[in-house]
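Visitor: Data file upload.txt (compact mmCIF, C-alpha atoms) is appended below.
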```txt
# COMPACT_ATOMS: atom_id res chain seq x y z
CA PRO A 1 -88.14 4.47 63.54
CA GLU A 2 -88.37 5.27 59.87
CA SER A 3 -91.95 6.50 60.14
CA GLY A 4 -92.29 10.21 59.75
CA ILE A 5 -88.87 10.61 58.14
CA HIS A 6 -90.31 12.77 55.41
CA THR A 7 -92.03 15.09 57.89
CA VAL A 8 -90.61 17.99 59.81
CA GLU A 9 -90.53 15.94 63.03
CA GLY A 10 -88.84 13.10 61.15
CA ASN A 11 -86.04 15.33 59.88
CA VAL A 12 -85.32 16.63 63.39
CA ALA A 13 -85.28 13.13 64.87
CA GLY A 14 -82.95 11.89 62.11
CA SER A 15 -80.35 14.65 62.61
CA ARG A 16 -80.32 14.08 66.37
CA ALA A 17 -79.79 10.35 65.88
CA ALA A 18 -76.84 11.05 63.55
CA ILE A 19 -75.23 13.32 66.16
CA LEU A 20 -75.64 10.67 68.87
CA THR A 21 -74.15 8.00 66.60
CA LYS A 22 -71.05 10.07 65.95
CA LYS A 23 -70.64 10.74 69.66
CA ARG A 24 -70.87 6.99 70.47
CA GLN A 25 -68.22 6.21 67.81
CA LYS A 26 -65.89 8.85 69.24
CA ASP A 27 -66.30 7.47 72.78
CA GLN A 28 -65.64 3.95 71.50
CA GLN A 29 -62.44 5.09 69.71
CA GLU A 30 -61.17 6.83 72.85
CA PHE A 31 -61.87 3.69 74.87
CA GLU A 32 -59.89 1.52 72.40
CA ASP A 33 -56.92 3.92 72.48
CA LYS A 34 -56.80 3.89 76.29
CA LYS A 35 -57.03 0.08 76.31
CA ARG A 36 -54.14 -0.23 73.80
CA LYS A 37 -52.01 2.21 75.80
CA ILE A 38 -52.56 0.27 79.06
CA ALA A 39 -51.66 -3.00 77.32
CA ASN A 40 -48.39 -1.53 75.96
CA ASN A 41 -47.41 -0.19 79.38
CA THR A 42 -48.11 -3.59 80.95
CA LYS A 43 -46.00 -5.39 78.31
CA ARG A 44 -43.08 -2.97 78.68
CA GLY A 45 -43.10 -3.40 82.45
CA SER A 46 -42.96 -7.19 82.18
CA CYS A 47 -39.81 -7.21 79.94
CA GLY A 48 -36.50 -8.25 81.48
CA MET A 49 -33.29 -6.27 81.50
CA ASP A 50 -31.80 -8.33 78.61
CA ASP A 51 -34.77 -7.67 76.36
CA LYS A 52 -34.26 -3.91 76.64
CA PHE A 53 -30.93 -4.10 74.78
CA ALA A 54 -30.68 -5.16 71.11
CA LYS A 55 -28.57 -8.24 70.49
CA ASN A 56 -25.72 -8.17 67.98
CA SER A 57 -26.89 -10.19 64.97
CA LYS A 58 -23.27 -10.71 63.80
CA VAL A 59 -22.36 -12.68 66.96
CA SER A 60 -22.91 -16.44 66.72
CA VAL A 61 -25.14 -18.38 69.12
CA SER A 62 -22.17 -20.15 70.72
CA GLU A 63 -20.45 -16.82 71.31
CA GLN A 64 -23.58 -15.45 72.96
CA GLN A 65 -23.81 -18.52 75.21
CA PHE A 66 -20.14 -18.11 76.14
CA ARG A 67 -20.74 -14.46 77.05
CA SER A 68 -23.80 -15.32 79.15
CA THR A 69 -21.83 -17.93 81.15
CA THR A 70 -18.91 -15.58 81.78
CA ILE A 71 -20.94 -12.44 82.50
CA GLY A 72 -20.24 -10.64 85.74
CA LEU A 73 -17.30 -11.30 88.10
CA VAL A 74 -15.73 -14.74 87.43
CA THR A 75 -12.35 -16.14 88.38
CA ALA A 76 -9.58 -16.72 85.86
CA GLU A 77 -9.92 -20.50 86.27
CA GLU A 78 -13.63 -20.40 85.50
CA PHE A 79 -13.03 -18.23 82.43
CA LYS A 80 -10.31 -20.62 81.13
CA ARG A 81 -12.58 -23.62 81.75
CA ALA A 82 -15.41 -22.00 79.80
CA SER A 83 -12.98 -21.15 76.97
CA ARG A 84 -11.77 -24.78 76.74
CA VAL A 85 -15.36 -26.00 76.59
CA LYS A 86 -16.13 -23.54 73.78
CA GLU A 87 -13.02 -24.63 71.79
CA ARG A 88 -13.94 -28.33 72.11
CA GLU A 89 -17.45 -27.60 70.88
CA ALA A 90 -16.07 -25.65 67.90
CA GLU A 91 -13.66 -28.52 66.98
CA LEU A 92 -16.51 -31.02 67.21
CA LEU A 93 -18.69 -28.91 64.93
CA LEU A 94 -15.84 -28.54 62.41
CA LYS A 95 -15.16 -32.27 62.44
CA ASN A 96 -18.80 -33.06 61.82
CA ALA A 97 -18.97 -30.49 59.00
CA GLN A 98 -16.04 -32.05 57.07
CA PRO A 99 -16.92 -35.29 55.25
CA SER A 100 -14.84 -38.33 56.07
CA SER A 101 -12.77 -40.30 53.58
CA LYS A 102 -15.39 -43.04 53.53
CA GLU A 103 -18.08 -40.52 52.69
CA LEU A 104 -15.97 -39.09 49.86
CA ALA A 105 -15.29 -42.55 48.45
CA ARG A 106 -18.99 -43.38 48.61
CA LYS A 107 -19.91 -40.18 46.71
CA ALA A 108 -17.25 -40.83 44.04
CA LYS A 109 -18.52 -44.39 43.56
CA ALA A 110 -22.09 -43.13 43.20
CA ALA A 111 -20.94 -40.55 40.60
CA ARG A 112 -19.17 -43.26 38.55
CA LYS A 113 -22.24 -45.41 38.60
CA ALA A 114 -24.42 -42.52 37.46
CA LYS A 115 -21.99 -41.76 34.60
CA LYS A 116 -21.94 -45.38 33.44
CA LYS A 117 -25.73 -45.49 33.56
CA ARG A 118 -25.96 -42.29 31.48
CA LEU A 119 -23.53 -43.60 28.85
CA LYS A 120 -25.43 -46.87 28.68
CA GLU A 121 -28.69 -45.03 28.05
CA GLU A 122 -27.10 -42.86 25.35
CA ARG A 123 -25.58 -45.92 23.68
CA LYS A 124 -28.95 -47.61 23.71
CA MET A 125 -30.66 -44.52 22.24
CA ILE A 126 -28.14 -44.18 19.37
CA SER A 127 -28.31 -47.90 18.55
CA THR A 128 -31.98 -47.43 17.61
CA LEU A 129 -31.11 -44.85 14.90
CA SER A 130 -30.78 -45.93 11.26
CA PHE A 131 -27.49 -44.07 10.64
CA THR A 132 -25.47 -45.66 13.44
CA SER A 133 -21.77 -45.90 12.51
CA GLU A 134 -18.56 -47.03 14.08
CA ASN A 135 -17.65 -43.42 14.82
CA TYR A 136 -20.25 -43.33 17.60
CA GLU A 137 -18.96 -46.55 19.13
CA ASN A 138 -15.38 -45.32 19.05
CA ALA A 139 -16.47 -42.03 20.57
CA PHE A 140 -18.29 -43.79 23.41
CA ALA A 141 -15.30 -46.05 24.00
CA GLY A 142 -13.26 -42.94 24.79
CA GLU A 143 -16.23 -41.42 26.67
CA VAL A 144 -15.76 -38.22 24.64
CA LEU A 145 -17.76 -37.19 21.56
CA SER A 146 -15.54 -34.85 19.55
CA SER A 147 -16.99 -32.51 16.95
CA LYS A 148 -14.88 -34.02 14.15
CA SER A 149 -16.16 -37.57 14.81
CA LEU A 150 -19.71 -36.39 14.10
CA LYS A 151 -18.83 -35.12 10.59
CA ASP A 152 -19.12 -37.14 7.42
CA PRO A 153 -15.62 -37.16 5.87
CA HIS A 154 -17.06 -37.61 2.35
CA ILE A 155 -18.88 -34.24 2.33
CA ASP A 156 -17.13 -30.97 1.49
CA THR A 157 -17.53 -28.62 4.46
CA SER A 158 -14.86 -26.09 3.49
CA PHE A 159 -17.52 -23.40 2.98
CA LEU A 160 -18.72 -23.75 6.57
CA PRO A 161 -17.12 -21.80 9.45
CA ASP A 162 -14.53 -23.88 11.27
CA LYS A 163 -12.73 -22.44 14.27
CA GLN A 164 -9.86 -24.94 14.09
CA ARG A 165 -9.32 -24.31 10.37
CA GLU A 166 -9.39 -20.54 10.87
CA GLU A 167 -6.80 -20.79 13.65
CA ASP A 168 -4.57 -22.96 11.42
CA ASN A 169 -4.90 -20.51 8.52
CA GLU A 170 -4.11 -17.55 10.79
CA ARG A 171 -1.05 -19.35 12.17
CA GLU A 172 0.13 -20.18 8.63
CA ARG A 173 -0.38 -16.57 7.48
CA ASN A 174 1.64 -15.26 10.41
CA GLN A 175 4.41 -17.76 9.69
CA LEU A 176 4.52 -16.83 5.99
CA GLU A 177 4.49 -13.12 6.84
CA LYS A 178 7.39 -13.62 9.24
CA GLU A 179 9.40 -15.59 6.65
CA TRP A 180 8.70 -12.95 3.97
CA LYS A 181 9.86 -10.10 6.22
CA GLU A 182 13.01 -12.00 7.16
CA ASN A 183 13.70 -12.62 3.46
CA GLN A 184 13.23 -8.95 2.61
CA GLU A 185 15.51 -7.89 5.45
CA SER A 186 18.21 -10.25 4.17
CA VAL A 187 17.82 -8.73 0.68
CA LYS A 188 18.17 -5.21 2.10
CA ARG A 189 21.45 -6.23 3.75
CA GLU A 190 22.98 -7.30 0.42
CA VAL A 191 25.86 -5.17 -0.89
CA LEU A 192 25.23 -3.18 -4.07
CA GLU A 193 27.96 -1.60 -6.24
CA ILE A 194 26.75 1.59 -7.91
CA VAL A 195 28.46 3.31 -10.82
CA TYR A 196 27.82 7.05 -10.85
CA SER A 197 29.19 10.18 -12.52
CA TYR A 198 29.81 13.40 -10.61
CA TRP A 199 28.56 16.08 -13.01
CA ASP A 200 29.77 19.67 -12.79
CA GLY A 201 29.48 20.38 -16.52
CA SER A 202 31.65 17.38 -17.32
CA GLY A 203 31.47 13.80 -16.08
CA HIS A 204 33.74 12.21 -13.44
CA ARG A 205 32.86 8.53 -13.25
CA ARG A 206 33.24 6.75 -9.90
CA ASN A 207 31.76 3.76 -8.11
CA VAL A 208 30.76 3.20 -4.50
CA LYS A 209 29.38 0.27 -2.47
CA CYS A 210 26.32 0.49 -0.24
CA LEU A 211 23.45 -1.69 0.94
CA LYS A 212 20.26 -2.25 -1.02
CA GLY A 213 18.29 -0.99 1.95
CA ASN A 214 20.08 2.38 1.98
CA THR A 215 18.17 5.43 0.83
CA ILE A 216 19.30 7.83 -1.88
CA GLY A 217 20.18 10.31 0.89
CA ASP A 218 22.52 7.77 2.51
CA PHE A 219 24.09 7.07 -0.90
CA LEU A 220 24.69 10.79 -1.58
CA GLU A 221 26.40 11.20 1.80
CA LEU A 222 28.76 8.30 0.96
CA VAL A 223 29.42 9.90 -2.44
CA ARG A 224 30.17 13.29 -0.84
CA LYS A 225 32.70 11.72 1.53
CA ASP A 226 34.31 9.87 -1.37
CA LEU A 227 34.57 12.98 -3.57
CA CYS A 228 35.83 15.32 -0.82
CA LYS A 229 39.37 14.05 -1.37
CA GLU A 230 39.39 15.37 -4.94
CA PHE A 231 36.76 18.16 -4.91
CA ARG A 232 37.44 20.33 -1.88
CA GLU A 233 34.31 22.45 -2.36
CA LEU A 234 32.17 19.45 -1.29
CA THR A 235 33.57 19.58 2.25
CA ALA A 236 31.49 22.68 3.02
CA ILE A 237 28.13 21.07 2.09
CA SER A 238 26.09 18.09 3.27
CA GLY A 239 24.52 15.22 1.38
CA ASP A 240 21.22 17.12 1.24
CA ALA A 241 22.82 19.65 -1.11
CA LEU A 242 23.41 16.91 -3.74
CA MET A 243 20.99 15.38 -6.26
CA TYR A 244 20.93 11.96 -7.90
CA VAL A 245 19.71 11.88 -11.52
CA LYS A 246 19.11 8.48 -13.11
CA GLU A 247 17.75 8.03 -16.66
CA ASP A 248 16.77 11.74 -16.83
CA LEU A 249 14.78 11.52 -13.58
CA ILE A 250 15.63 13.19 -10.26
CA ILE A 251 15.30 10.45 -7.63
CA PRO A 252 13.92 11.67 -4.26
CA GLN A 253 16.28 11.15 -1.33
CA ASP A 254 13.69 9.27 0.78
CA LEU A 255 13.48 6.40 -1.72
CA SER A 256 15.74 3.38 -1.25
CA PHE A 257 17.49 1.24 -3.85
CA TYR A 258 15.38 -1.67 -2.57
CA ASP A 259 12.21 0.21 -3.57
CA LEU A 260 13.51 0.80 -7.09
CA ILE A 261 14.57 -2.83 -7.50
CA VAL A 262 11.37 -4.40 -6.15
CA THR A 263 9.02 -2.17 -8.18
CA LYS A 264 11.13 -2.52 -11.36
CA ALA A 265 11.01 1.27 -11.77
CA ARG A 266 11.73 2.62 -15.22
CA GLY A 267 12.88 6.03 -16.41
CA LYS A 268 12.77 7.93 -19.67
CA SER A 269 15.80 6.28 -21.23
CA GLY A 270 16.21 3.02 -19.29
CA PRO A 271 15.51 1.05 -16.15
CA LEU A 272 16.09 2.56 -12.70
CA PHE A 273 16.85 -0.78 -11.05
CA HIS A 274 20.18 -1.39 -12.87
CA PHE A 275 23.09 0.47 -11.31
CA ASP A 276 25.92 -0.82 -13.45
CA VAL A 277 26.81 0.35 -16.97
CA HIS A 278 26.20 -1.84 -20.03
CA GLU A 279 24.99 -1.46 -23.61
CA ASP A 280 22.29 -3.33 -25.54
CA LEU A 281 23.82 -4.97 -28.64
CA ARG A 282 21.15 -6.41 -30.96
CA VAL A 283 21.47 -8.40 -34.17
CA GLY A 284 18.85 -8.40 -36.92
CA ALA A 285 15.63 -6.42 -37.19
CA ILE A 286 15.04 -3.95 -34.35
CA ASP A 287 11.57 -3.52 -32.82
CA SER A 288 11.20 0.06 -31.58
CA ARG A 289 8.54 -1.04 -29.12
CA VAL A 290 11.05 -3.18 -27.20
CA GLU A 291 13.00 -1.30 -24.56
CA LYS A 292 16.76 -1.27 -24.89
CA ASP A 293 18.44 -3.38 -22.27
CA GLU A 294 21.12 -0.89 -21.39
CA SER A 295 21.94 1.11 -18.29
CA HIS A 296 23.58 4.50 -17.93
CA PRO A 297 25.48 5.77 -14.91
CA GLY A 298 23.45 8.02 -12.64
CA LYS A 299 24.61 11.61 -12.28
CA VAL A 300 25.41 13.20 -8.92
CA ILE A 301 25.18 16.98 -9.08
CA GLU A 302 25.05 19.92 -6.71
CA ARG A 303 21.61 21.43 -6.21
CA SER A 304 23.05 24.90 -6.73
CA TRP A 305 24.50 23.87 -10.13
CA TYR A 306 21.07 22.52 -11.17
CA ASP A 307 19.34 25.77 -10.16
CA ARG A 308 21.77 27.74 -12.35
CA ASN A 309 21.60 25.44 -15.39
CA LYS A 310 18.13 23.83 -15.35
CA HIS A 311 17.14 25.77 -18.47
CA ILE A 312 20.09 24.32 -20.44
CA PHE A 313 20.33 20.80 -21.91
CA PRO A 314 20.63 18.18 -20.42
CA ALA A 315 19.25 19.64 -17.15
CA SER A 316 16.23 21.01 -19.02
CA ARG A 317 15.16 17.41 -19.74
CA TRP A 318 15.24 16.26 -16.11
CA GLU A 319 12.15 16.00 -13.92
CA VAL A 320 11.32 14.59 -10.48
CA PHE A 321 10.56 10.87 -10.43
CA ASP A 322 6.90 9.97 -9.80
CA PRO A 323 6.29 6.26 -8.98
CA GLN A 324 2.69 6.52 -10.24
CA LYS A 325 3.69 7.78 -13.68
CA LEU A 326 4.61 5.59 -16.67
CA TYR A 327 7.59 6.88 -18.63
CA GLY A 328 7.24 5.24 -22.05
CA LYS A 329 4.80 3.55 -24.43
CA TYR A 330 6.76 0.45 -25.35
CA THR A 331 7.10 -3.05 -23.94
CA ILE A 332 10.03 -3.87 -21.73
CA HIS A 333 12.80 -6.14 -22.90
CA GLY A 334 11.72 -9.79 -22.91
CA ASN A 335 8.46 -9.19 -24.85
CA GLU A 336 6.48 -8.51 -21.66
CA VAL A 337 3.64 -6.21 -22.66
CA ASN A 338 3.32 -2.87 -20.92
CA LYS A 339 -0.11 -1.41 -20.06
CA ARG A 340 0.53 1.35 -22.60
CA LYS A 341 1.30 -0.31 -25.93
CA TYR A 342 0.91 0.55 -29.56
CA CYS A 343 -1.94 -0.93 -31.56
CA VAL A 344 -0.52 -3.15 -34.30
```
Show this structure as C-alpha cells.
Guide:
Amino acid sequence: PESGIHTVEGNVAGSRAAILTKKRQKDQQEFEDKKRKIANNTKRGSCGMDDKFAKNSKVSVSEQQFRSTTIGLVTAEEFKRASRVKEREAELLLKNAQPSSKELARKAKAARKAKKKRLKEERKMISTLSFTSENYENAFAGEVLSSKSLKDPHIDTSFLPDKQREEDNERERNQLEKEWKENQESVKREVLEIVYSYWDGSGHRRNVKCLKGNTIGDFLELVRKDLCKEFRELTAISGDALMYVKEDLIIPQDLSFYDLIVTKARGKSGPLFHFDVHEDLRVGAIDSRVEKDESHPGKVIERSWYDRNKHIFPASRWEVFDPQKLYGKYTIHGNEVNKRKYCV
C-alpha cells in the first residue's frame, strides 16, 4: 500500500518490496532458461541421423534422390537400373526445357504481328502531323528510318557535326597525304647532274650525277671518289673532311638537294637550287632590285685548306648557310616581291 510511504515505516516497507520484486524476477529468469534448455535437448534427441549431417547445396535434387536409393549395399544390377532411370528422367527434363519447332514458329509469328502493329501505329501518328512528307512513307516502306531521310535537303547543315562527313574528310586527307608522299619520293629518286669546282687555290671544274634525295654528305663522298683518280691526297681522307660552298655559303652536310630545291633557297650571289652553270643576259634598262638569273658552280674544298685560308678572299666572304636568314634585299627574277624590298 502507498499509505505511509513518506514515513519511516513506509520507507522500510518500500525497500523490502523492491528486494522481493528483484528476487521474483531472478527466479522467473532462471525458470525460463531451464525450460528453454529442456526444450532444446528434447528437439535434438528427436532428430534423425540424416538431419545431423549438413546436405551439400551444390548437389541437385535428382542427384540426392539417386544417392538415397542407392545408399548401402546394393547389387550391380540394381545400381545400373537406378542409373538408367536417372538418365531417362534427365533426358525428359531436357526435352521439356527445349522449345519445339512449332513453339518457335508461333513466337516468330507473334513477333511479326507485334512489329506490324507498331509500324501501323507510328504511321498513323505521323500522318496526323502537318509536315508529313514522302520521305517518311519511303522510310516506313523499307521499315528503316535513316538519319539522312529526316534532314531537309534545302537547308545548309555543313556547320553541324556529321560523323559520316568527318569520316569521309579523314579518308580523303589520308589519301591525299599518301599521294603527296609518293610524289615526293618519286621526285627524290630523280637524277640530278651537278657542276662543281674542286678548289685548292685554283678551280678544277667537274660534274657528277646523284639523286635529288641525296644529302650534301653523300654528294661529297661521290666527289671524293671521282677526284681520287687525279688528286691522290684525297684517298687518305673521307667525305666529312670536304666542304661544299655554293653562292658564298657553306652548305651543311645534313641538308639534301631536295630541301634546297623545294624551299627555293637563295645565297648571297644567286640561287642555291640551280646546280648547272649559266649567265643572265639582259637587254635594255637593268633593275638592280631584280635578282640575276645566273648560277655559279659550287666549290668543293678541303676543310683543312679552309682553316688555313679563311682570312683571305674569297674564303673570308663565306659563311655557314642558315635557312631562317634572308640573304638579299631585292626581288627574285620574275618580278615576285621579296619580304625585304626597297621603298620606291
Visitor: Can you measure CA of Asn174 in chain A to CA of Asp162 in chain A for me? One decimal in Å is fine.
Guide: 18.3 Å
Visitor: Would you compute the distance between CA of Asp276 in chain A and CA of Val195 in chain A? Give it in Å to one decimal.
Guide: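 We find that CA of Asp276 in chain A and CA of Val195 in chain A lie 5.5 Å from each other.
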Visitor: Distance CA of Ile216 in chain A-CA of Gln184 in chain A, one decimal place?
Guide: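 Between these atoms lies a distance of 18.4 Å.
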Visitor: Considering all atoms listed in the file, state which residue in the set A:His311, A:Lys116, A:Lys163, A:Lys212 is at the smallest distance from His274 in chain A.
Guide: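 Of the candidates, the smallest distance to His274 in chain A is held by A:Lys212.
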Visitor: Find the residue from A:Glu89, A:Glu172, A:Glu302, A:Asp259 that sits nearest to Glu233 in chain A; use all atoms listed in the file when measuring.
Guide: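 The closest residue to Glu233 in chain A is A:Glu302.
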Visitor: Could you name the residues that touch Lys188 in chain A at 10 Å or less, counting all atoms listed in the file, but leaving out those on the same chain fewer than 4 positions away, as number ranges by chain?
Guide: A: 182-184, 192, 211-214, 256-259
Visitor: With distances taken over all atoms listed in the file, which of A:Ser269, A:Ser238, A:Ser316, A:Thr215 is nearest to Pro252 in chain A?
Guide: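 The shortest atom-to-atom distance to Pro252 in chain A comes from A:Thr215.
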Visitor: Between A:Ile19, A:Arg84, A:Ile312, A:Gln29, single out the one closest to Gly201 in chain A, counting all atoms listed in the file.
Guide: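 That would be A:Ile312, the residue with the smallest distance to Gly201 in chain A.
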Visitor: Pick from A:Ala241, A:Lys209, A:Leu20, A:Arg112: nearest to Asp226 in chain A, with only C-alpha atoms counted?
Guide: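 Result for the nearest residue to Asp226 in chain A: A:Lys209.
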Visitor: Could you give me, as a list in words, the residues within 10 Å of Arg205 in chain A, counting all atoms listed in the file and dropping anything in the same chain fewer than 3 positions from it?
Guide: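 Counting only the stated atoms, we get Val195, Tyr196, Ser197, Tyr198, Trp199, Ser202, Pro297, Gly298, Lys299 and Val300 of chain A.
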Visitor: Determine the nearest neighbour of Glu319 in chain A from the options A:Leu255, A:Val85, A:Ile250, A:Ala76, counting only C-alpha atoms.
Guide: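 With only C-alpha atoms as the atom set, the closest residue is A:Ile250.
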